[in-house]
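Visitor: My structure file structure.txt, compact mmCIF, C-alpha atoms, is below:
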# COMPACT_ATOMS: atom_id res chain seq x y z
CA MET A 221 62.91 -204.40 96.87
CA SER A 222 65.09 -202.28 94.62
CA GLN A 223 64.46 -198.54 94.92
CA ASP A 224 65.65 -197.92 91.35
CA LEU A 225 63.27 -196.84 88.63
CA PRO A 226 61.54 -199.67 86.71
CA PRO A 227 62.75 -200.48 83.18
CA LEU A 228 61.88 -197.63 80.82
CA ASN A 229 60.29 -199.97 78.25
CA ALA A 230 57.95 -201.30 80.93
CA LEU A 231 56.95 -197.79 82.01
CA ARG A 232 56.44 -196.76 78.38
CA ALA A 233 54.20 -199.76 77.67
CA PHE A 234 52.18 -199.15 80.83
CA GLU A 235 51.79 -195.41 80.14
CA ALA A 236 50.49 -196.05 76.61
CA ALA A 237 48.07 -198.78 77.75
CA ALA A 238 46.80 -196.65 80.64
CA ARG A 239 46.40 -193.52 78.51
CA LEU A 240 44.64 -195.34 75.66
CA GLN A 241 42.75 -197.66 78.02
CA SER A 242 43.67 -200.54 75.77
CA VAL A 243 46.60 -202.94 75.54
CA SER A 244 45.82 -203.48 71.85
CA GLN A 245 45.87 -199.76 71.06
CA ALA A 246 49.09 -199.36 73.02
CA ALA A 247 50.65 -202.13 70.92
CA ILE A 248 49.65 -200.32 67.72
CA GLU A 249 51.04 -196.99 68.95
CA LEU A 250 54.34 -198.59 70.03
CA SER A 251 54.56 -200.80 66.91
CA VAL A 252 54.89 -204.00 68.97
CA THR A 253 52.68 -207.01 69.61
CA HIS A 254 49.86 -207.23 72.13
CA GLY A 255 51.86 -209.88 73.96
CA ALA A 256 54.92 -207.64 74.20
CA VAL A 257 52.92 -204.90 75.92
CA SER A 258 51.34 -207.42 78.30
CA ARG A 259 54.76 -208.83 79.23
CA GLN A 260 56.15 -205.37 79.95
CA ILE A 261 53.17 -204.56 82.18
CA ARG A 262 53.62 -207.83 84.10
CA LEU A 263 57.32 -207.02 84.49
CA LEU A 264 56.41 -203.61 85.90
CA GLU A 265 53.88 -205.13 88.32
CA GLU A 266 56.50 -207.61 89.53
CA HIS A 267 59.03 -204.81 89.99
CA LEU A 268 56.59 -202.71 92.02
CA GLY A 269 54.89 -205.58 93.81
CA VAL A 270 51.39 -204.26 93.06
CA ALA A 271 48.69 -204.95 90.47
CA LEU A 272 48.21 -202.08 88.01
CA PHE A 273 45.30 -203.49 86.01
CA SER A 274 42.36 -205.70 86.93
CA LYS A 275 40.04 -207.68 84.67
CA GLU A 276 36.72 -206.08 83.71
CA GLY A 277 34.64 -208.14 81.32
CA ARG A 278 36.71 -208.68 78.21
CA GLY A 279 38.89 -205.71 78.96
CA VAL A 280 40.94 -204.31 81.81
CA LYS A 281 40.70 -201.35 84.18
CA LEU A 282 43.27 -199.54 86.25
CA THR A 283 43.59 -200.31 89.93
CA ASP A 284 44.08 -197.45 92.40
CA ALA A 285 47.83 -198.03 92.16
CA GLY A 286 47.56 -198.02 88.38
CA VAL A 287 45.77 -194.66 88.42
CA ARG A 288 48.53 -193.14 90.58
CA LEU A 289 51.26 -194.45 88.32
CA ARG A 290 49.37 -193.43 85.17
CA ASP A 291 49.16 -189.82 86.36
CA ALA A 292 52.82 -189.70 87.38
CA ALA A 293 54.07 -191.47 84.25
CA GLY A 294 51.83 -189.40 81.98
CA ASP A 295 53.17 -186.13 83.40
CA ALA A 296 56.77 -187.36 83.11
CA PHE A 297 56.41 -188.57 79.52
CA GLU A 298 54.58 -185.39 78.53
CA ARG A 299 57.45 -183.28 79.87
CA LEU A 300 59.93 -185.49 78.07
CA ARG A 301 58.02 -185.24 74.78
CA GLY A 302 57.74 -181.48 75.12
CA THR A 303 61.42 -181.04 75.85
CA CYS A 304 62.42 -183.32 72.98
CA ALA A 305 60.12 -181.40 70.63
CA GLU A 306 61.71 -178.12 71.70
CA LEU A 307 65.18 -179.54 71.16
CA ARG A 308 64.22 -180.74 67.68
CA GLN A 309 62.89 -177.32 66.83
CA GLN A 310 66.21 -175.74 67.77
CA THR A 311 67.65 -177.32 64.65
CA ALA A 312 67.24 -174.61 62.05
CA ASN A 313 66.55 -177.01 59.18
CA ALA A 314 64.33 -179.48 61.05
CA PRO A 315 61.36 -180.15 58.71
CA PHE A 316 57.73 -179.89 59.74
CA VAL A 317 56.28 -183.18 58.47
CA LEU A 318 52.66 -182.97 57.34
CA GLY A 319 50.60 -186.06 56.54
CA CYS A 320 47.93 -185.53 53.91
CA PRO A 321 45.68 -187.68 51.66
CA GLY A 322 47.19 -187.90 48.18
CA SER A 323 44.07 -186.46 46.55
CA LEU A 324 44.08 -183.37 48.76
CA LEU A 325 47.82 -183.04 48.28
CA ALA A 326 47.70 -183.23 44.48
CA ARG A 327 44.55 -181.23 43.81
CA TRP A 328 44.75 -178.48 46.44
CA PHE A 329 48.02 -178.35 48.33
CA ILE A 330 50.67 -178.66 45.61
CA PRO A 331 49.23 -175.82 43.46
CA ARG A 332 49.66 -173.57 46.55
CA LEU A 333 52.98 -174.97 47.74
CA ASP A 334 55.13 -172.29 46.14
CA ARG A 335 53.05 -169.58 47.82
CA LEU A 336 53.34 -171.32 51.18
CA ASN A 337 57.13 -171.61 50.86
CA ARG A 338 57.36 -167.90 50.09
CA GLU A 339 55.06 -166.80 52.91
CA LEU A 340 56.24 -169.29 55.57
CA PRO A 341 59.94 -169.74 54.77
CA ASP A 342 60.77 -170.91 58.31
CA LEU A 343 58.28 -173.79 58.22
CA HIS A 344 60.52 -176.13 56.16
CA LEU A 345 57.49 -178.19 55.21
CA GLN A 346 57.89 -181.84 54.27
CA LEU A 347 54.82 -183.62 52.87
CA SER A 348 53.90 -187.25 53.45
CA ALA A 349 51.07 -188.54 51.22
CA SER A 350 48.71 -191.42 51.90
CA GLU A 351 45.54 -192.68 50.24
CA GLY A 352 44.72 -195.16 52.98
CA GLU A 353 43.28 -194.43 56.41
CA LEU A 354 45.53 -191.79 57.90
CA ASP A 355 46.84 -192.18 61.43
CA PRO A 356 47.55 -188.72 62.87
CA ARG A 357 49.47 -190.38 65.73
CA ARG A 358 51.92 -192.07 63.36
CA ALA A 359 55.53 -191.66 64.33
CA GLY A 360 57.37 -189.17 62.16
CA LEU A 361 54.38 -186.87 61.55
CA ASP A 362 54.16 -183.44 63.16
CA ALA A 363 50.60 -182.87 61.93
CA THR A 364 47.93 -184.32 59.65
CA LEU A 365 45.60 -182.44 57.29
CA TRP A 366 42.41 -184.28 56.36
CA PHE A 367 38.62 -184.31 56.29
CA ALA A 368 37.11 -185.93 59.38
CA GLU A 369 33.98 -185.72 61.51
CA PRO A 370 33.87 -184.57 65.14
CA PRO A 371 33.97 -185.30 68.03
CA TRP A 372 37.73 -184.87 68.26
CA PRO A 373 39.87 -187.21 70.38
CA ALA A 374 41.19 -185.80 73.65
CA ASP A 375 44.81 -186.58 72.80
CA MET A 376 44.76 -184.44 69.63
CA GLN A 377 44.87 -180.67 69.17
CA VAL A 378 42.55 -180.09 66.21
CA HIS A 379 42.60 -176.81 64.27
CA GLU A 380 39.28 -176.68 62.37
CA LEU A 381 39.77 -174.92 59.03
CA THR A 382 36.54 -175.13 57.07
CA VAL A 383 33.32 -177.10 56.71
CA GLU A 384 33.31 -179.81 54.06
CA ARG A 385 30.88 -179.19 51.19
CA ILE A 386 30.31 -181.92 48.61
CA GLY A 387 28.54 -181.91 45.28
CA PRO A 388 28.32 -183.59 41.85
CA VAL A 389 30.63 -182.38 39.10
CA LEU A 390 30.93 -183.16 35.40
CA SER A 391 33.15 -182.19 32.51
CA PRO A 392 32.16 -180.39 29.30
CA HIS A 393 33.64 -183.50 27.61
CA HIS A 394 30.79 -185.65 28.97
CA PRO A 395 28.73 -186.97 26.00
CA ARG A 396 25.49 -185.75 27.61
CA PHE A 397 26.90 -182.53 29.05
CA ALA A 398 24.36 -180.23 27.36
CA THR A 399 21.43 -182.22 28.78
CA LEU A 400 22.85 -183.01 32.21
CA SER A 401 24.07 -179.49 32.91
CA GLN A 402 20.46 -178.31 32.69
CA ALA A 403 18.97 -181.22 34.64
CA ARG A 404 17.36 -180.94 38.07
CA PRO A 405 19.05 -182.78 40.98
CA GLU A 406 16.38 -185.51 40.98
CA GLU A 407 17.22 -186.35 37.37
CA LEU A 408 20.59 -187.67 38.53
CA LEU A 409 18.75 -190.58 40.18
CA GLY A 410 18.67 -192.35 36.82
CA GLU A 411 22.28 -191.57 35.91
CA PRO A 412 25.08 -194.12 36.51
CA LEU A 413 27.23 -192.19 38.99
CA LEU A 414 30.98 -192.35 39.47
CA TYR A 415 32.02 -193.00 43.06
CA THR A 416 35.01 -193.82 45.22
CA ALA A 417 35.30 -196.70 47.67
CA SER A 418 37.05 -194.43 50.17
CA ARG A 419 33.93 -192.23 50.56
CA PRO A 420 30.88 -194.50 50.06
CA GLN A 421 28.73 -192.12 52.11
CA ALA A 422 29.30 -189.13 49.82
CA TRP A 423 26.48 -189.71 47.31
CA PRO A 424 23.88 -190.68 49.98
CA ALA A 425 24.81 -187.55 51.98
CA TRP A 426 24.33 -185.37 48.90
CA ALA A 427 20.99 -187.03 48.12
CA LEU A 428 19.69 -186.46 51.65
CA GLY A 429 20.88 -182.85 51.51
CA ASN A 430 18.70 -182.38 48.42
CA GLY A 431 15.67 -184.17 49.83
CA LEU A 432 16.19 -187.25 47.64
CA ASP A 433 16.00 -190.93 48.51
CA PRO A 434 19.55 -192.37 48.58
CA ALA A 435 18.15 -195.82 47.79
CA ARG A 436 17.27 -194.58 44.30
CA LEU A 437 20.85 -193.67 43.43
CA GLU A 438 22.39 -195.75 40.65
CA MET A 439 26.09 -196.42 41.14
CA GLY A 440 28.20 -196.79 38.03
CA GLN A 441 32.01 -197.08 37.82
CA GLY A 442 33.85 -197.13 41.13
CA PHE A 443 37.41 -196.01 41.85
CA GLU A 444 39.72 -196.80 44.72
CA HIS A 445 40.77 -193.21 45.39
CA LEU A 446 39.27 -189.75 44.95
CA TYR A 447 42.14 -188.62 42.72
CA PHE A 448 41.29 -191.33 40.14
CA LEU A 449 37.59 -190.53 40.43
CA LEU A 450 38.16 -186.89 39.52
CA GLU A 451 40.49 -187.79 36.67
CA ALA A 452 37.67 -189.94 35.28
CA ALA A 453 35.24 -187.04 35.62
CA LEU A 454 37.67 -184.72 33.82
CA ALA A 455 37.87 -187.26 30.99
CA GLY A 456 34.07 -187.07 30.62
CA LEU A 457 33.41 -190.62 31.86
CA GLY A 458 30.56 -189.65 34.14
CA VAL A 459 29.22 -187.51 36.98
CA ALA A 460 31.43 -187.66 40.08
CA ILE A 461 31.07 -186.28 43.59
CA ALA A 462 33.79 -184.42 45.46
CA PRO A 463 34.53 -181.88 48.19
CA GLN A 464 34.21 -178.35 46.83
CA GLN A 465 37.71 -177.48 48.02
CA LEU A 466 39.28 -180.19 45.86
CA VAL A 467 37.57 -179.08 42.64
CA ALA A 468 37.64 -175.31 43.20
CA ASP A 469 40.48 -174.77 40.72
CA ASP A 470 38.81 -177.00 38.10
CA LEU A 471 35.53 -175.11 38.50
CA ARG A 472 37.26 -171.74 38.22
CA GLN A 473 39.03 -172.79 35.02
CA GLY A 474 35.97 -174.45 33.48
CA ARG A 475 37.40 -177.98 33.42
CA LEU A 476 34.53 -179.13 35.62
CA LEU A 477 31.07 -177.70 36.33
CA ALA A 478 28.85 -178.14 39.39
CA PRO A 479 25.31 -177.39 38.11
CA TRP A 480 23.68 -178.79 41.27
CA GLY A 481 25.75 -176.94 43.85
CA PHE A 482 27.21 -178.30 47.06
CA VAL A 483 25.80 -179.37 50.43
CA GLU A 484 27.48 -179.29 53.82
CA THR A 485 28.46 -182.51 55.58
CA ARG A 486 29.40 -183.12 59.22
CA ALA A 487 33.06 -183.35 58.25
CA ARG A 488 35.61 -180.60 58.69
CA LEU A 489 38.91 -180.01 56.97
CA ALA A 490 41.19 -179.79 59.97
CA LEU A 491 44.83 -179.82 60.96
CA TRP A 492 45.45 -182.48 63.61
CA VAL A 493 48.43 -182.18 65.95
CA PRO A 494 49.17 -184.72 68.69
CA ALA A 495 48.57 -182.76 71.91
CA ARG A 496 51.73 -184.12 73.50
CA ARG A 497 53.80 -183.00 70.49
CA ALA A 498 52.35 -179.51 70.08
CA ASP A 499 54.50 -177.36 67.81
CA ARG A 500 54.15 -173.59 67.39
CA ARG A 501 54.61 -174.11 63.64
CA ALA A 502 51.29 -175.98 63.53
CA ALA A 503 49.42 -172.83 64.56
CA MET A 504 51.31 -170.85 61.89
CA LEU A 505 50.33 -173.39 59.25
CA ALA A 506 46.69 -173.49 60.44
CA ASP A 507 46.41 -169.71 60.15
CA TRP A 508 47.89 -169.79 56.65
CA LEU A 509 45.54 -172.57 55.55
CA ARG A 510 42.49 -170.66 56.83
CA ARG A 511 43.49 -167.63 54.73
CA GLN A 512 43.76 -169.79 51.62
CA LEU A 513 40.36 -171.40 52.22
CA VAL A 514 38.39 -168.16 52.55
Translate this structure into structure tokens?
Guide:
Amino acid sequence: MSQDLPPLNALRAFEAAARLQSVSQAAIELSVTHGAVSRQIRLLEEHLGVALFSKEGRGVKLTDAGVRLRDAAGDAFERLRGTCAELRQQTANAPFVLGCPGSLLARWFIPRLDRLNRELPDLHLQLSASEGELDPRRAGLDATLWFAEPPWPADMQVHELTVERIGPVLSPHHPRFATLSQARPEELLGEPLLYTASRPQAWPAWALGNGLDPARLEMGQGFEHLYFLLEAALAGLGVAIAPQQLVADDLRQGRLLAPWGFVETRARLALWVPARRADRRAAMLADWLRRQLV
């Protein structure tokens, strides 16, 4: 048998499948098909002359040989990733790419971007917006800022920034503003409420936080994204619900009011950094974000 190292693609496919405990998840991470990962693993097993996975129900589990190779390959790839990250950082103008939901980017981050650039000039921040489900492991991202609920995955370094607080808001342009702004929380149960498909649990969570029955909520106009929802609220089209952080500037300037306050959820606004691609700039950014959120 050849004493040379196995093909790198085969080792990479095996390491991802072993670390994620899933061939399917490895295929997603590597941007290849399930079959491509399986073929690479078979090639590696043929090269080594040992089985690395065994069947277990509908899934697979590592054999003893697979566990040994997983540990060795994981350490080797981690060192490679760390060294490559350090080399990238040696480039003075290398950007720090931050993934962020478009609503959070537009309503909170961009108004503070000039201040960040002044206070962290060496960060060289580059923003990548998304309104879909963010993937903090996506290639090309150094970190991801978003609201999410614990527990945190083991392969991510998560800098918790602040607790999410949500609450109903309405504009002075709302036709029934004078009445609604004086209403008790339970009186919103008869009001057609604006909502977003990306956070269907927001209104029920608020209702429970106020001791109300979520089943009695009446949903009105829905919007695909939070940004559109808040624009509708600003136009006086109805009562919307949003994280306090995303409407703080509107509340301060009187464009929106929150007569019923805010309740905490299980979610946290956090900065996610892949543990294997840890970057000292992430800690700098996390500290800056915490200061802005006080």
Visitor: Do you have the atom CA of Ala462 of chain A-atom CA of Gly431 of chain A distance handy?
Guide: 18.6 Å
Visitor: Here is a test: counting only C-alpha atoms, which residue of A:Leu432, A:Leu446, A:Leu509, A:Ala293 is nearest to Ala326 of chain A?
Guide: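 Nearest candidate to Ala326 of chain A out of A:Leu432, A:Leu446, A:Leu509, A:Ala293: A:Leu446.
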Visitor: Give me the residues near segment 370-387 of chain A as a list in words, where near means some atom within 6 Å (using only C-alpha atoms) and where sequence neighbours in that chain fewer than 4 positions away do not count.
Guide: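 Final neighbour list, sorted by chain and number: Ile461, Ala462, Pro463, Gln464, Gly481, Phe482, Val483, Glu484, Thr485, Ala487, Arg488, Leu489, Ala490, Leu491, Trp492, Val493, Pro494, Ala495 and Arg510 of chain A.
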Visitor: Enter the distance from atom CA of Ser242 of chain A to atom CA of Leu300 of chain A, in Å, rounded to one decimal.
Guide: 22.3 Å
Visitor: Find the residues around Tyr447 of chain A up to 8 Å (only C-alpha atoms counted), leave out those fewer than 5 positions away in its own chain, and share them as an MDAnalysis selection string.
Guide: chainID A and resid 322:323 326:327
Visitor: For the atom pair atom CA of Ala427 of chain A and atom CA of Leu477 of chain A, what is the interatomic distance in Å to one decimal place?
Guide: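 Those two atoms sit 18.1 Å apart.
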Visitor: Counting all atoms listed in the file, find residues at most 6 Å from (50.0, -206.2, 73.7) (file frame) and give them as a ChimeraX atom specification.
Guide: /A:243-244,247,253-258
Visitor: Show me the residues close to (43.6, -174.7, 46.9) - anything with an atom within 9 Å, counting only C-alpha atoms - and format the list as a PyMOL selection string.
Guide: chain A and resi 324+327-332+465-469+512-513
Visitor: Now that the selection is made, can you save its residues with C-alpha atoms as a JSON list (two decimals), in the coordinates of the input?
Guide:
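Result file part_38.json:
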[["chain", "number", "residue", "atom", "x", "y", "z"],
["A", 324, "LEU", "CA", 44.08, -183.37, 48.76],
["A", 327, "ARG", "CA", 44.55, -181.23, 43.81],
["A", 328, "TRP", "CA", 44.75, -178.48, 46.44],
["A", 329, "PHE", "CA", 48.02, -178.35, 48.33],
["A", 330, "ILE", "CA", 50.67, -178.66, 45.61],
["A", 331, "PRO", "CA", 49.23, -175.82, 43.46],
["A", 332, "ARG", "CA", 49.66, -173.57, 46.55],
["A", 465, "GLN", "CA", 37.71, -177.48, 48.02],
["A", 466, "LEU", "CA", 39.28, -180.19, 45.86],
["A", 467, "VAL", "CA", 37.57, -179.08, 42.64],
["A", 468, "ALA", "CA", 37.64, -175.31, 43.20],
["A", 469, "ASP", "CA", 40.48, -174.77, 40.72],
["A", 512, "GLN", "CA", 43.76, -169.79, 51.62],
["A", 513, "LEU", "CA", 40.36, -171.40, 52.22]]
Visitor: Step by step, gather every atom of segment 241-258 of chain A that the file lists, find the box along x, y and z that holds them, add 4 Å on each side, and finally give centre and edge lengths in Å to one decimal, as AutoDock Vina command-line options.
Guide:
--center_x 48.8 --center_y -203.4 --center_z 72.6 --size_x 20.2 --size_y 20.9 --size_z 19.4
Visitor: Show me, as an MDAnalysis selection string, the residues that have an atom within 8 Å of Cys320 of chain A when counting only C-alpha atoms, minus same-chain residues fewer than 2 positions from it.
Guide: chainID A and resid 318 322 324:325 347:350 354 364:366
Visitor: Extract segment 453-482 of chain A from the structure I just pasted (atoms: N, CA and C atoms) and return it as a short mmCIF file (atom, residue, chain, number, x, y, z; two decimals), in the first residue's frame.
Guide:
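Once written, selection.cif looks like this:
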data_model
loop_
_atom_site.label_atom_id
_atom_site.label_comp_id
_atom_site.auth_asym_id
_atom_site.auth_seq_id
_atom_site.Cartn_x
_atom_site.Cartn_y
_atom_site.Cartn_z
N ALA A 453 -45.55 50.35 9.27
CA ALA A 453 -45.93 50.98 10.54
C ALA A 453 -45.66 52.47 10.51
N LEU A 454 -44.53 52.88 9.96
CA LEU A 454 -44.19 54.30 9.87
C LEU A 454 -45.21 55.06 9.01
N ALA A 455 -45.76 54.36 8.00
CA ALA A 455 -46.76 54.98 7.13
C ALA A 455 -48.14 55.03 7.78
N GLY A 456 -48.27 54.47 9.00
CA GLY A 456 -49.55 54.51 9.70
C GLY A 456 -50.52 53.43 9.28
N LEU A 457 -50.01 52.33 8.70
CA LEU A 457 -50.90 51.28 8.19
C LEU A 457 -51.35 50.31 9.27
N GLY A 458 -50.76 50.37 10.45
CA GLY A 458 -51.19 49.46 11.49
C GLY A 458 -50.19 49.39 12.62
N VAL A 459 -50.48 48.50 13.59
CA VAL A 459 -49.59 48.27 14.73
C VAL A 459 -48.68 47.11 14.36
N ALA A 460 -47.37 47.34 14.46
CA ALA A 460 -46.38 46.32 14.13
C ALA A 460 -45.67 45.88 15.41
N ILE A 461 -44.86 44.82 15.29
CA ILE A 461 -44.07 44.37 16.42
C ILE A 461 -42.62 44.25 15.96
N ALA A 462 -41.69 44.66 16.85
CA ALA A 462 -40.29 44.69 16.42
C ALA A 462 -39.37 44.62 17.63
N PRO A 463 -38.12 44.21 17.42
CA PRO A 463 -37.12 44.30 18.48
C PRO A 463 -36.88 45.76 18.85
N GLN A 464 -36.74 46.02 20.14
CA GLN A 464 -36.55 47.39 20.62
C GLN A 464 -35.33 48.03 19.98
N GLN A 465 -34.26 47.25 19.77
CA GLN A 465 -33.04 47.81 19.21
C GLN A 465 -33.25 48.37 17.81
N LEU A 466 -34.15 47.77 17.04
CA LEU A 466 -34.34 48.19 15.66
C LEU A 466 -35.26 49.39 15.52
N VAL A 467 -35.97 49.75 16.58
CA VAL A 467 -36.85 50.93 16.51
C VAL A 467 -36.42 52.01 17.49
N ALA A 468 -35.26 51.82 18.13
CA ALA A 468 -34.82 52.78 19.15
C ALA A 468 -34.70 54.19 18.58
N ASP A 469 -34.12 54.32 17.39
CA ASP A 469 -33.97 55.66 16.80
C ASP A 469 -35.32 56.26 16.45
N ASP A 470 -36.25 55.44 15.94
CA ASP A 470 -37.59 55.93 15.60
C ASP A 470 -38.33 56.38 16.86
N LEU A 471 -38.17 55.64 17.95
CA LEU A 471 -38.83 56.02 19.20
C LEU A 471 -38.25 57.33 19.74
N ARG A 472 -36.94 57.46 19.67
CA ARG A 472 -36.29 58.66 20.18
C ARG A 472 -36.71 59.90 19.41
N GLN A 473 -36.94 59.73 18.11
CA GLN A 473 -37.30 60.88 17.26
C GLN A 473 -38.81 61.05 17.09
N GLY A 474 -39.59 60.20 17.75
CA GLY A 474 -41.04 60.36 17.73
C GLY A 474 -41.72 59.85 16.48
N ARG A 475 -40.99 59.15 15.60
CA ARG A 475 -41.63 58.61 14.40
C ARG A 475 -42.50 57.40 14.73
N LEU A 476 -42.13 56.68 15.78
CA LEU A 476 -42.93 55.57 16.28
C LEU A 476 -43.07 55.72 17.79
N LEU A 477 -44.12 55.15 18.35
CA LEU A 477 -44.32 55.10 19.79
C LEU A 477 -44.55 53.65 20.20
N ALA A 478 -44.18 53.34 21.45
CA ALA A 478 -44.37 51.98 21.98
C ALA A 478 -45.14 52.10 23.30
N PRO A 479 -46.45 52.36 23.23
CA PRO A 479 -47.23 52.60 24.46
C PRO A 479 -47.31 51.39 25.38
N TRP A 480 -47.06 50.18 24.85
CA TRP A 480 -47.23 48.97 25.64
C TRP A 480 -45.90 48.37 26.09
N GLY A 481 -44.82 49.05 25.83
CA GLY A 481 -43.52 48.58 26.29
C GLY A 481 -43.01 47.37 25.53
N PHE A 482 -41.98 46.76 26.09
CA PHE A 482 -41.31 45.64 25.45
C PHE A 482 -41.14 44.50 26.45
#
